[in-house]
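The next block is start00.cif, given as mmCIF, C-alpha atoms.
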data_coords
loop_
_atom_site.label_atom_id
_atom_site.label_comp_id
_atom_site.auth_asym_id
_atom_site.auth_seq_id
_atom_site.Cartn_x
_atom_site.Cartn_y
_atom_site.Cartn_z
CA MET A 1130 281.57 5.40 189.77
CA GLU A 1131 283.05 8.86 189.45
CA THR A 1132 286.44 9.13 191.17
CA GLU A 1133 288.27 12.31 192.07
CA PRO A 1134 291.21 12.77 189.69
CA THR A 1135 294.62 12.86 191.39
CA VAL A 1136 298.17 13.42 190.19
CA ASN A 1137 299.22 10.62 187.78
CA THR A 1138 295.61 9.69 187.03
CA SER A 1139 295.45 9.12 183.31
CA PHE A 1140 292.79 8.70 180.68
CA SER A 1141 293.04 7.25 177.20
CA HIS A 1142 290.86 7.99 174.19
CA ALA A 1143 291.01 6.19 170.82
CA PHE A 1144 290.12 8.14 167.69
CA ARG A 1145 290.59 8.52 163.95
CA PHE A 1146 289.68 11.15 161.39
CA THR A 1147 288.33 10.77 157.86
CA GLN A 1148 289.00 12.96 154.85
CA ALA A 1149 285.43 14.26 155.28
CA ASP A 1150 286.44 15.46 158.78
CA VAL A 1151 289.49 17.21 157.30
CA GLU A 1152 287.29 18.91 154.71
CA ALA A 1153 284.76 19.98 157.38
CA PHE A 1154 287.59 21.37 159.52
CA ALA A 1155 288.98 23.27 156.52
CA GLN A 1156 285.53 24.68 155.87
CA VAL A 1157 284.79 25.87 159.39
CA THR A 1158 288.27 27.24 160.13
CA GLY A 1159 289.04 28.56 156.65
CA ASP A 1160 292.37 26.69 156.62
CA ASN A 1161 292.22 25.40 153.06
CA ASN A 1162 295.97 24.73 152.74
CA PRO A 1163 296.23 22.22 149.85
CA LEU A 1164 298.64 20.17 151.97
CA HIS A 1165 295.52 18.93 153.76
CA LEU A 1166 293.08 18.77 150.86
CA ASP A 1167 294.84 18.11 147.56
CA SER A 1168 296.47 14.71 146.95
CA ASP A 1169 298.46 15.98 143.95
CA PHE A 1170 299.85 18.93 145.89
CA ALA A 1171 300.65 16.73 148.88
CA ALA A 1172 302.38 14.16 146.64
CA ALA A 1173 305.05 16.76 145.85
CA THR A 1174 305.79 17.41 149.56
CA PRO A 1175 307.96 15.32 151.90
CA PHE A 1176 304.69 13.96 153.37
CA LYS A 1177 303.69 12.32 150.03
CA ARG A 1178 299.97 12.36 150.90
CA PRO A 1179 297.60 14.84 152.57
CA ILE A 1180 298.19 15.33 156.27
CA ILE A 1181 295.58 16.26 158.83
CA HIS A 1182 295.62 19.85 160.07
CA GLY A 1183 297.74 19.71 163.24
CA MET A 1184 295.04 21.72 164.99
CA LEU A 1185 292.40 19.17 163.99
CA GLY A 1186 294.51 16.44 165.60
CA ALA A 1187 294.94 18.62 168.69
CA SER A 1188 291.20 19.24 168.82
CA VAL A 1189 290.95 15.81 170.46
CA PHE A 1190 292.37 17.60 173.51
CA THR A 1191 289.45 20.04 173.71
CA LYS A 1192 286.98 17.22 173.09
CA VAL A 1193 288.26 14.93 175.84
CA LEU A 1194 289.12 17.66 178.36
CA GLY A 1195 285.78 19.39 177.78
CA THR A 1196 283.52 16.37 177.74
CA GLU A 1197 285.17 13.38 179.46
CA PHE A 1198 288.31 14.03 181.50
CA PRO A 1199 287.73 16.08 183.60
CA GLY A 1200 284.62 16.83 181.52
CA PHE A 1201 281.74 19.31 181.56
CA GLY A 1202 282.54 22.29 183.75
CA SER A 1203 286.16 22.48 182.59
CA VAL A 1204 287.45 25.93 181.78
CA TYR A 1205 290.35 25.75 179.35
CA LEU A 1206 293.11 28.14 180.41
CA LYS A 1207 296.16 27.10 178.37
CA GLN A 1208 297.38 24.52 175.89
CA THR A 1209 300.85 23.99 174.50
CA ILE A 1210 301.14 21.83 171.39
CA GLU A 1211 304.17 20.36 169.64
CA PHE A 1212 303.39 18.89 166.24
CA MET A 1213 306.09 16.21 166.17
CA ARG A 1214 305.01 13.95 163.32
CA PRO A 1215 302.33 14.28 160.63
CA MET A 1216 298.96 12.63 161.18
CA PHE A 1217 296.91 11.01 158.44
CA VAL A 1218 293.26 10.13 157.85
CA ASP A 1219 291.92 6.62 158.44
CA LEU A 1220 294.67 5.70 160.90
CA ASP A 1221 294.14 4.82 164.55
CA TYR A 1222 295.42 7.22 167.15
CA GLU A 1223 295.31 7.24 170.93
CA ALA A 1224 295.22 10.37 173.03
CA VAL A 1225 296.64 9.96 176.53
CA PHE A 1226 295.93 12.48 179.29
CA THR A 1227 297.88 12.39 182.55
CA ILE A 1228 297.46 14.77 185.46
CA ILE A 1229 300.82 16.39 186.22
CA SER A 1230 299.83 18.73 189.04
CA ILE A 1231 296.76 20.01 190.85
CA ASN A 1232 296.37 23.37 192.59
CA PRO A 1233 293.36 22.91 194.90
CA ASP A 1234 293.32 26.59 195.92
CA LYS A 1235 292.84 27.71 192.34
CA HIS A 1236 290.93 24.56 191.27
CA THR A 1237 293.39 24.18 188.40
CA ALA A 1238 295.39 21.26 187.04
CA GLU A 1239 298.15 20.75 184.51
CA ILE A 1240 297.49 17.76 182.31
CA SER A 1241 299.96 16.18 179.90
CA THR A 1242 298.29 15.67 176.51
CA GLU A 1243 299.84 13.21 174.07
CA ILE A 1244 298.77 11.58 170.82
CA PHE A 1245 300.27 8.24 169.75
CA ASP A 1246 300.04 6.43 166.45
CA VAL A 1247 298.47 3.14 167.61
CA LEU A 1248 300.37 1.01 165.09
CA THR A 1249 303.88 2.40 165.57
CA ARG A 1250 303.41 3.72 169.15
CA LYS A 1251 305.22 6.87 167.97
CA LEU A 1252 304.25 10.20 169.50
CA THR A 1253 302.70 12.51 166.90
CA THR A 1254 301.66 15.42 169.13
CA ARG A 1255 302.36 16.43 172.70
CA GLY A 1256 301.68 19.28 175.01
CA VAL A 1257 300.36 20.40 178.35
CA ALA A 1258 296.85 21.65 179.08
CA THR A 1259 295.98 23.89 182.02
CA LEU A 1260 292.36 23.72 183.13
CA MET A 1261 290.15 25.00 185.89
CA HIS A 1262 287.33 22.80 187.20
CA ARG A 1263 285.60 23.95 190.40
CA GLU A 1264 284.35 20.50 191.41
CA LYS A 1265 287.11 18.17 190.20
CA PHE A 1266 290.29 20.01 191.29
CA MET B 229 304.34 42.31 145.76
CA GLU B 230 305.53 39.51 148.03
CA THR B 231 308.07 40.71 150.57
CA GLU B 232 310.37 38.56 152.67
CA PRO B 233 309.10 38.56 156.26
CA THR B 234 311.58 39.93 158.81
CA VAL B 235 311.56 40.27 162.59
CA ASN B 236 308.75 42.61 163.72
CA THR B 237 306.84 42.17 160.45
CA SER B 238 303.23 41.79 161.42
CA PHE B 239 300.01 40.75 159.78
CA SER B 240 296.43 41.37 160.84
CA HIS B 241 293.34 39.33 160.02
CA ALA B 242 289.75 40.26 160.89
CA PHE B 243 287.25 37.48 161.56
CA ARG B 244 284.08 36.41 163.36
CA PHE B 245 282.32 33.13 163.96
CA THR B 246 278.63 32.25 163.82
CA GLN B 247 276.73 29.75 165.95
CA ALA B 248 276.64 27.52 162.83
CA ASP B 249 280.47 27.54 162.86
CA VAL B 250 280.45 26.54 166.54
CA GLU B 251 278.04 23.69 165.77
CA ALA B 252 280.17 22.53 162.83
CA PHE B 253 283.30 22.63 165.01
CA ALA B 254 281.50 20.62 167.72
CA GLN B 255 280.45 18.09 165.10
CA VAL B 256 283.87 17.55 163.51
CA THR B 257 285.86 17.57 166.76
CA GLY B 258 283.30 15.79 168.94
CA ASP B 259 283.53 18.55 171.56
CA ASN B 260 279.83 18.89 172.32
CA ASN B 261 280.29 20.59 175.70
CA PRO B 262 276.93 22.34 176.34
CA LEU B 263 278.84 25.48 177.37
CA HIS B 264 279.29 26.04 173.63
CA LEU B 265 275.97 24.76 172.34
CA ASP B 266 273.19 25.17 174.89
CA SER B 267 271.98 28.68 175.82
CA ASP B 268 270.13 27.44 178.92
CA PHE B 269 273.21 25.59 180.23
CA ALA B 270 275.45 28.56 179.46
CA ALA B 271 273.04 30.96 181.18
CA ALA B 272 273.81 29.22 184.49
CA THR B 273 277.59 29.70 184.09
CA PRO B 274 279.64 32.84 184.80
CA PHE B 275 279.71 33.40 181.02
CA LYS B 276 275.89 33.84 180.85
CA ARG B 277 275.73 32.83 177.18
CA PRO B 278 277.43 30.19 175.01
CA ILE B 279 281.13 30.77 174.42
CA ILE B 280 283.10 29.69 171.36
CA HIS B 281 285.37 26.66 171.82
CA GLY B 282 288.77 28.20 172.65
CA MET B 283 290.30 25.89 170.05
CA LEU B 284 287.90 27.19 167.41
CA GLY B 285 289.07 30.73 168.16
CA ALA B 286 292.69 29.56 168.03
CA SER B 287 292.04 27.84 164.70
CA VAL B 288 292.41 31.30 163.14
CA PHE B 289 296.12 30.77 163.82
CA THR B 290 296.33 27.67 161.65
CA LYS B 291 294.25 29.36 158.95
CA VAL B 292 296.36 32.49 158.67
CA LEU B 293 299.73 30.82 159.25
CA GLY B 294 298.90 28.05 156.80
CA THR B 295 297.33 30.10 154.04
CA GLU B 296 298.41 33.76 154.29
CA PHE B 297 301.26 34.64 156.62
CA PRO B 298 303.70 33.04 155.85
CA GLY B 299 301.21 30.89 153.88
CA PHE B 300 301.29 27.71 151.81
CA GLY B 301 304.44 25.72 152.47
CA SER B 302 304.35 26.41 156.21
CA VAL B 303 305.03 23.46 158.45
CA TYR B 304 303.49 23.97 161.89
CA LEU B 305 305.92 22.90 164.61
CA LYS B 306 304.52 24.33 167.84
CA GLN B 307 301.76 26.51 169.19
CA THR B 308 301.22 27.78 172.71
CA ILE B 309 297.77 29.15 173.52
CA GLU B 310 296.49 31.06 176.54
CA PHE B 311 292.72 31.40 176.63
CA MET B 312 292.50 34.70 178.50
CA ARG B 313 288.92 35.79 177.96
CA PRO B 314 285.86 34.04 176.49
CA MET B 315 284.98 34.62 172.85
CA PHE B 316 281.43 34.84 171.52
CA VAL B 317 279.69 34.36 168.18
CA ASP B 318 278.78 37.32 165.96
CA LEU B 319 281.45 39.60 167.45
CA ASP B 320 284.36 41.07 165.52
CA TYR B 321 287.84 39.86 166.37
CA GLU B 322 291.27 40.68 165.01
CA ALA B 323 294.15 38.23 164.95
CA VAL B 324 297.60 39.86 164.98
CA PHE B 325 300.72 37.94 163.98
CA THR B 326 304.17 39.38 164.65
CA ILE B 327 307.46 37.72 163.82
CA ILE B 328 309.52 37.46 167.01
CA SER B 329 312.59 35.64 165.69
CA ILE B 330 313.86 33.89 162.58
CA ASN B 331 316.41 31.07 162.41
CA PRO B 332 317.60 31.09 158.77
CA ASP B 333 319.67 27.91 159.24
CA LYS B 334 316.62 25.91 160.26
CA HIS B 335 314.17 27.97 158.16
CA THR B 336 312.06 28.44 161.27
CA ALA B 337 310.42 31.45 162.88
CA GLU B 338 308.66 32.21 166.13
CA ILE B 339 305.53 34.26 165.60
CA SER B 340 303.48 35.93 168.30
CA THR B 341 299.78 35.12 167.80
CA GLU B 342 297.18 37.31 169.48
CA ILE B 343 293.41 37.74 169.21
CA PHE B 344 291.78 41.03 170.18
CA ASP B 345 288.12 41.88 170.66
CA VAL B 346 287.76 44.66 168.08
CA LEU B 347 285.27 46.66 170.16
CA THR B 348 287.05 46.59 173.53
CA ARG B 349 290.61 46.05 172.23
CA LYS B 350 290.98 43.43 174.98
CA LEU B 351 293.18 40.42 174.35
CA THR B 352 291.13 37.20 174.33
CA THR B 353 293.81 34.71 173.29
CA ARG B 354 297.56 34.82 172.97
CA GLY B 355 300.41 32.50 172.21
CA VAL B 356 303.48 31.82 170.14
CA ALA B 357 303.63 29.74 166.97
CA THR B 358 306.80 28.07 165.70
CA LEU B 359 306.83 27.34 161.98
CA MET B 360 309.20 26.08 159.33
CA HIS B 361 308.99 27.53 155.81
CA ARG B 362 311.82 26.67 153.42
CA GLU B 363 311.34 29.69 151.16
CA LYS B 364 310.20 32.41 153.55
CA PHE B 365 312.59 31.95 156.51
#
Any chance you could put this one into structure tokens?
Amino acid sequence: METEPTVNTSFSHAFRFTQADVEAFAQVTGDNNPLHLDSDFAAATPFKRPIIHGMLGASVFTKVLGTEFPGFGSVYLKQTIEFMRPMFVDLDYEAVFTIISINPDKHTAEISTEIFDVLTRKLTTRGVATLMHREKF
Amino acid sequence: METEPTVNTSFSHAFRFTQADVEAFAQVTGDNNPLHLDSDFAAATPFKRPIIHGMLGASVFTKVLGTEFPGFGSVYLKQTIEFMRPMFVDLDYEAVFTIISINPDKHTAEISTEIFDVLTRKLTTRGVATLMHREKF
């Protein structure tokens, strides 16, 4: 049953990326920074191994907000993103979405968007999304 | 010749996306919202035709910041994004990057990130990136 989202409603989404995803993201966006693609280059950085593009990690926000919570009909107005810790391929992450505020007159909501490393429970990425949805808010 | 970026230094990058790019972005991110992929669905929205994922448009920020200005060695710390107007495939856009402030102690800079529709000169997307680069800042 579909319920109307209210303040403090939250939604969780588990995900992981593969190196093939990183390569596809590099291809479509043109961001071919070797930090994401080249193990030898990455080995000489403080990260030691290739890290996921921060924007690829954050793309879980557009996926979930656009297709699941609140879903189809969402119009994305704003997103702030803090890249707090590197993210890696083949690791389990959890994105957590929590409604902070709703403006029923404007049909908009502010939603906290966070990504946690499932194993360590450390926050890798956080921000706030602002969305309009004419039916849900 | 490589010059040291200073406050008010700016950099411009022309780009466009195709529907194949939008489909590839939907595939890798999982954001298969029909607003981006289905002409019939999009025709019934205020946009009339499919719009690019806002995050795909904003991915020009990670591309340019990560590979050109300031380029390889950049560590992405933060990005704010306002999706002001829809973006469409097969149209010319210009991304403009302008250094707002530099903190030499932390090797960080704040960079204004804007996308303009080349034809109308209207701003479609704007935000501020915060980056660390040990050599450039």
From the list B:Phe316, B:Phe344, B:Phe311, B:Phe269, which residue is nearest chain A when using only C-alpha atoms? B:Phe311
Chain fit, chain B moved to chain A over all Cα pairs in order, as an mmCIF file with C-alpha atoms, in the coordinates of the input:
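Written file, part-v9.cif:
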data_model
loop_
_atom_site.group_PDB
_atom_site.id
_atom_site.type_symbol
_atom_site.label_atom_id
_atom_site.label_comp_id
_atom_site.auth_asym_id
_atom_site.auth_seq_id
_atom_site.Cartn_x
_atom_site.Cartn_y
_atom_site.Cartn_z
ATOM 1 C CA MET B 229 281.580 5.430 189.707
ATOM 2 C CA GLU B 230 283.082 8.902 189.396
ATOM 3 C CA THR B 231 286.432 9.173 191.140
ATOM 4 C CA GLU B 232 288.267 12.355 192.049
ATOM 5 C CA PRO B 233 291.223 12.776 189.685
ATOM 6 C CA THR B 234 294.621 12.874 191.411
ATOM 7 C CA VAL B 235 298.178 13.417 190.204
ATOM 8 C CA ASN B 236 299.224 10.637 187.790
ATOM 9 C CA THR B 237 295.606 9.697 187.039
ATOM 10 C CA SER B 238 295.447 9.136 183.327
ATOM 11 C CA PHE B 239 292.795 8.710 180.696
ATOM 12 C CA SER B 240 293.039 7.258 177.209
ATOM 13 C CA HIS B 241 290.856 7.982 174.194
ATOM 14 C CA ALA B 242 291.022 6.197 170.833
ATOM 15 C CA PHE B 243 290.120 8.128 167.689
ATOM 16 C CA ARG B 244 290.616 8.531 163.943
ATOM 17 C CA PHE B 245 289.684 11.139 161.385
ATOM 18 C CA THR B 246 288.332 10.761 157.858
ATOM 19 C CA GLN B 247 289.007 12.955 154.837
ATOM 20 C CA ALA B 248 285.432 14.270 155.291
ATOM 21 C CA ASP B 249 286.449 15.460 158.787
ATOM 22 C CA VAL B 250 289.494 17.215 157.308
ATOM 23 C CA GLU B 251 287.277 18.910 154.713
ATOM 24 C CA ALA B 252 284.773 19.976 157.380
ATOM 25 C CA PHE B 253 287.600 21.364 159.534
ATOM 26 C CA ALA B 254 288.985 23.270 156.522
ATOM 27 C CA GLN B 255 285.526 24.675 155.863
ATOM 28 C CA VAL B 256 284.781 25.882 159.399
ATOM 29 C CA THR B 257 288.269 27.230 160.134
ATOM 30 C CA GLY B 258 289.046 28.565 156.657
ATOM 31 C CA ASP B 259 292.367 26.692 156.619
ATOM 32 C CA ASN B 260 292.218 25.391 153.060
ATOM 33 C CA ASN B 261 295.959 24.740 152.736
ATOM 34 C CA PRO B 262 296.231 22.220 149.849
ATOM 35 C CA LEU B 263 298.648 20.160 151.966
ATOM 36 C CA HIS B 264 295.521 18.931 153.758
ATOM 37 C CA LEU B 265 293.088 18.775 150.863
ATOM 38 C CA ASP B 266 294.834 18.107 147.561
ATOM 39 C CA SER B 267 296.475 14.705 146.944
ATOM 40 C CA ASP B 268 298.444 15.975 143.931
ATOM 41 C CA PHE B 269 299.852 18.945 145.886
ATOM 42 C CA ALA B 270 300.655 16.735 148.869
ATOM 43 C CA ALA B 271 302.362 14.159 146.638
ATOM 44 C CA ALA B 272 305.039 16.760 145.836
ATOM 45 C CA THR B 273 305.795 17.412 149.535
ATOM 46 C CA PRO B 274 307.955 15.323 151.887
ATOM 47 C CA PHE B 275 304.693 13.966 153.345
ATOM 48 C CA LYS B 276 303.695 12.324 150.011
ATOM 49 C CA ARG B 277 299.983 12.366 150.863
ATOM 50 C CA PRO B 278 297.607 14.838 152.542
ATOM 51 C CA ILE B 279 298.199 15.329 156.255
ATOM 52 C CA ILE B 280 295.569 16.244 158.834
ATOM 53 C CA HIS B 281 295.621 19.853 160.064
ATOM 54 C CA GLY B 282 297.736 19.690 163.246
ATOM 55 C CA MET B 283 295.027 21.705 164.988
ATOM 56 C CA LEU B 284 292.406 19.152 163.975
ATOM 57 C CA GLY B 285 294.503 16.427 165.601
ATOM 58 C CA ALA B 286 294.946 18.611 168.687
ATOM 59 C CA SER B 287 291.195 19.232 168.816
ATOM 60 C CA VAL B 288 290.950 15.803 170.467
ATOM 61 C CA PHE B 289 292.358 17.611 173.509
ATOM 62 C CA THR B 290 289.455 20.038 173.721
ATOM 63 C CA LYS B 291 286.983 17.212 173.110
ATOM 64 C CA VAL B 292 288.251 14.925 175.847
ATOM 65 C CA LEU B 293 289.122 17.654 178.352
ATOM 66 C CA GLY B 294 285.800 19.387 177.782
ATOM 67 C CA THR B 295 283.518 16.375 177.739
ATOM 68 C CA GLU B 296 285.172 13.398 179.478
ATOM 69 C CA PHE B 297 288.310 14.012 181.503
ATOM 70 C CA PRO B 298 287.730 16.077 183.627
ATOM 71 C CA GLY B 299 284.615 16.827 181.520
ATOM 72 C CA PHE B 300 281.746 19.311 181.561
ATOM 73 C CA GLY B 301 282.533 22.284 183.766
ATOM 74 C CA SER B 302 286.146 22.473 182.588
ATOM 75 C CA VAL B 303 287.442 25.917 181.786
ATOM 76 C CA TYR B 304 290.351 25.749 179.342
ATOM 77 C CA LEU B 305 293.126 28.119 180.408
ATOM 78 C CA LYS B 306 296.168 27.099 178.372
ATOM 79 C CA GLN B 307 297.378 24.532 175.894
ATOM 80 C CA THR B 308 300.855 23.996 174.511
ATOM 81 C CA ILE B 309 301.140 21.836 171.398
ATOM 82 C CA GLU B 310 304.171 20.364 169.652
ATOM 83 C CA PHE B 311 303.393 18.888 166.253
ATOM 84 C CA MET B 312 306.081 16.205 166.178
ATOM 85 C CA ARG B 313 305.010 13.954 163.335
ATOM 86 C CA PRO B 314 302.332 14.271 160.631
ATOM 87 C CA MET B 315 298.961 12.630 161.178
ATOM 88 C CA PHE B 316 296.903 11.010 158.429
ATOM 89 C CA VAL B 317 293.252 10.144 157.848
ATOM 90 C CA ASP B 318 291.918 6.623 158.435
ATOM 91 C CA LEU B 319 294.681 5.700 160.897
ATOM 92 C CA ASP B 320 294.125 4.817 164.539
ATOM 93 C CA TYR B 321 295.415 7.218 167.159
ATOM 94 C CA GLU B 322 295.310 7.227 170.938
ATOM 95 C CA ALA B 323 295.226 10.375 173.032
ATOM 96 C CA VAL B 324 296.650 9.962 176.547
ATOM 97 C CA PHE B 325 295.935 12.482 179.297
ATOM 98 C CA THR B 326 297.885 12.390 182.555
ATOM 99 C CA ILE B 327 297.449 14.762 185.462
ATOM 100 C CA ILE B 328 300.813 16.376 186.217
ATOM 101 C CA SER B 329 299.823 18.715 189.050
ATOM 102 C CA ILE B 330 296.757 20.017 190.854
ATOM 103 C CA ASN B 331 296.371 23.377 192.599
ATOM 104 C CA PRO B 332 293.356 22.901 194.911
ATOM 105 C CA ASP B 333 293.319 26.588 195.920
ATOM 106 C CA LYS B 334 292.841 27.708 192.334
ATOM 107 C CA HIS B 335 290.938 24.561 191.268
ATOM 108 C CA THR B 336 293.387 24.176 188.404
ATOM 109 C CA ALA B 337 295.383 21.255 187.052
ATOM 110 C CA GLU B 338 298.140 20.744 184.528
ATOM 111 C CA ILE B 339 297.495 17.752 182.312
ATOM 112 C CA SER B 340 299.961 16.186 179.914
ATOM 113 C CA THR B 341 298.300 15.658 176.514
ATOM 114 C CA GLU B 342 299.856 13.208 174.074
ATOM 115 C CA ILE B 343 298.776 11.567 170.816
ATOM 116 C CA PHE B 344 300.277 8.245 169.752
ATOM 117 C CA ASP B 345 300.043 6.423 166.439
ATOM 118 C CA VAL B 346 298.464 3.159 167.608
ATOM 119 C CA LEU B 347 300.354 1.009 165.092
ATOM 120 C CA THR B 348 303.870 2.402 165.574
ATOM 121 C CA ARG B 349 303.426 3.719 169.141
ATOM 122 C CA LYS B 350 305.212 6.878 167.960
ATOM 123 C CA LEU B 351 304.257 10.198 169.495
ATOM 124 C CA THR B 352 302.702 12.519 166.893
ATOM 125 C CA THR B 353 301.658 15.417 169.124
ATOM 126 C CA ARG B 354 302.362 16.419 172.684
ATOM 127 C CA GLY B 355 301.671 19.277 175.015
ATOM 128 C CA VAL B 356 300.354 20.394 178.360
ATOM 129 C CA ALA B 357 296.842 21.635 179.085
ATOM 130 C CA THR B 358 295.971 23.879 182.027
ATOM 131 C CA LEU B 359 292.349 23.711 183.134
ATOM 132 C CA MET B 360 290.139 25.011 185.901
ATOM 133 C CA HIS B 361 287.322 22.805 187.219
ATOM 134 C CA ARG B 362 285.594 23.940 190.411
ATOM 135 C CA GLU B 363 284.353 20.490 191.418
ATOM 136 C CA LYS B 364 287.098 18.171 190.196
ATOM 137 C CA PHE B 365 290.273 20.020 191.284
#
Restrict the distance test to all atoms listed in the file, flag each residue of chain B within 10 Å of chain A, and return the flagged residues as a PyMOL selection string. chain B and resi 245-246+248-263+273+281-296+299-314+353-358
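Put simply, atom CA of Arg349 of chain B is 11.3 Å away from atom CA of Ala323 of chain B.
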Name the residues in contact with Glu363 of chain B at a cut-off of 8 Å, using all atoms listed in the file, excluding same-chain residues fewer than 2 positions from it; report them as JSON, numbers by chain. {"B": [335, 361, 365]}
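Put simply, atom CA of Ile1229 of chain A is 5.6 Å away from atom CA of Val1136 of chain A.
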The PyMOL selection byres ((chain B and resi 238) around 9) - which residues does that actually catch in the file I just gave you? List them as an mmCIF file with C-alpha atoms, in the frame of the given file.
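What follows is the written file expr_26.cif:
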data_model
loop_
_atom_site.group_PDB
_atom_site.id
_atom_site.type_symbol
_atom_site.label_atom_id
_atom_site.label_comp_id
_atom_site.auth_asym_id
_atom_site.auth_seq_id
_atom_site.Cartn_x
_atom_site.Cartn_y
_atom_site.Cartn_z
ATOM 1 C CA PRO B 233 309.100 38.560 156.260
ATOM 2 C CA THR B 234 311.580 39.930 158.810
ATOM 3 C CA VAL B 235 311.560 40.270 162.590
ATOM 4 C CA ASN B 236 308.750 42.610 163.720
ATOM 5 C CA THR B 237 306.840 42.170 160.450
ATOM 6 C CA PHE B 239 300.010 40.750 159.780
ATOM 7 C CA SER B 240 296.430 41.370 160.840
ATOM 8 C CA PHE B 297 301.260 34.640 156.620
ATOM 9 C CA VAL B 324 297.600 39.860 164.980
ATOM 10 C CA PHE B 325 300.720 37.940 163.980
ATOM 11 C CA THR B 326 304.170 39.380 164.650
ATOM 12 C CA ILE B 327 307.460 37.720 163.820
ATOM 13 C CA ILE B 339 305.530 34.260 165.600
#
Selected by the PyMOL selection byres ((chain A and resi 1180) around 6) in the shown coordinates: which residues, as JSON, numbers by chain? {"A": [1165, 1179, 1181, 1216, 1217]}
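From atom CA of Glu1239 of chain A back to atom CA of Glu1133 of chain A, the distance works out to 15.0 Å.
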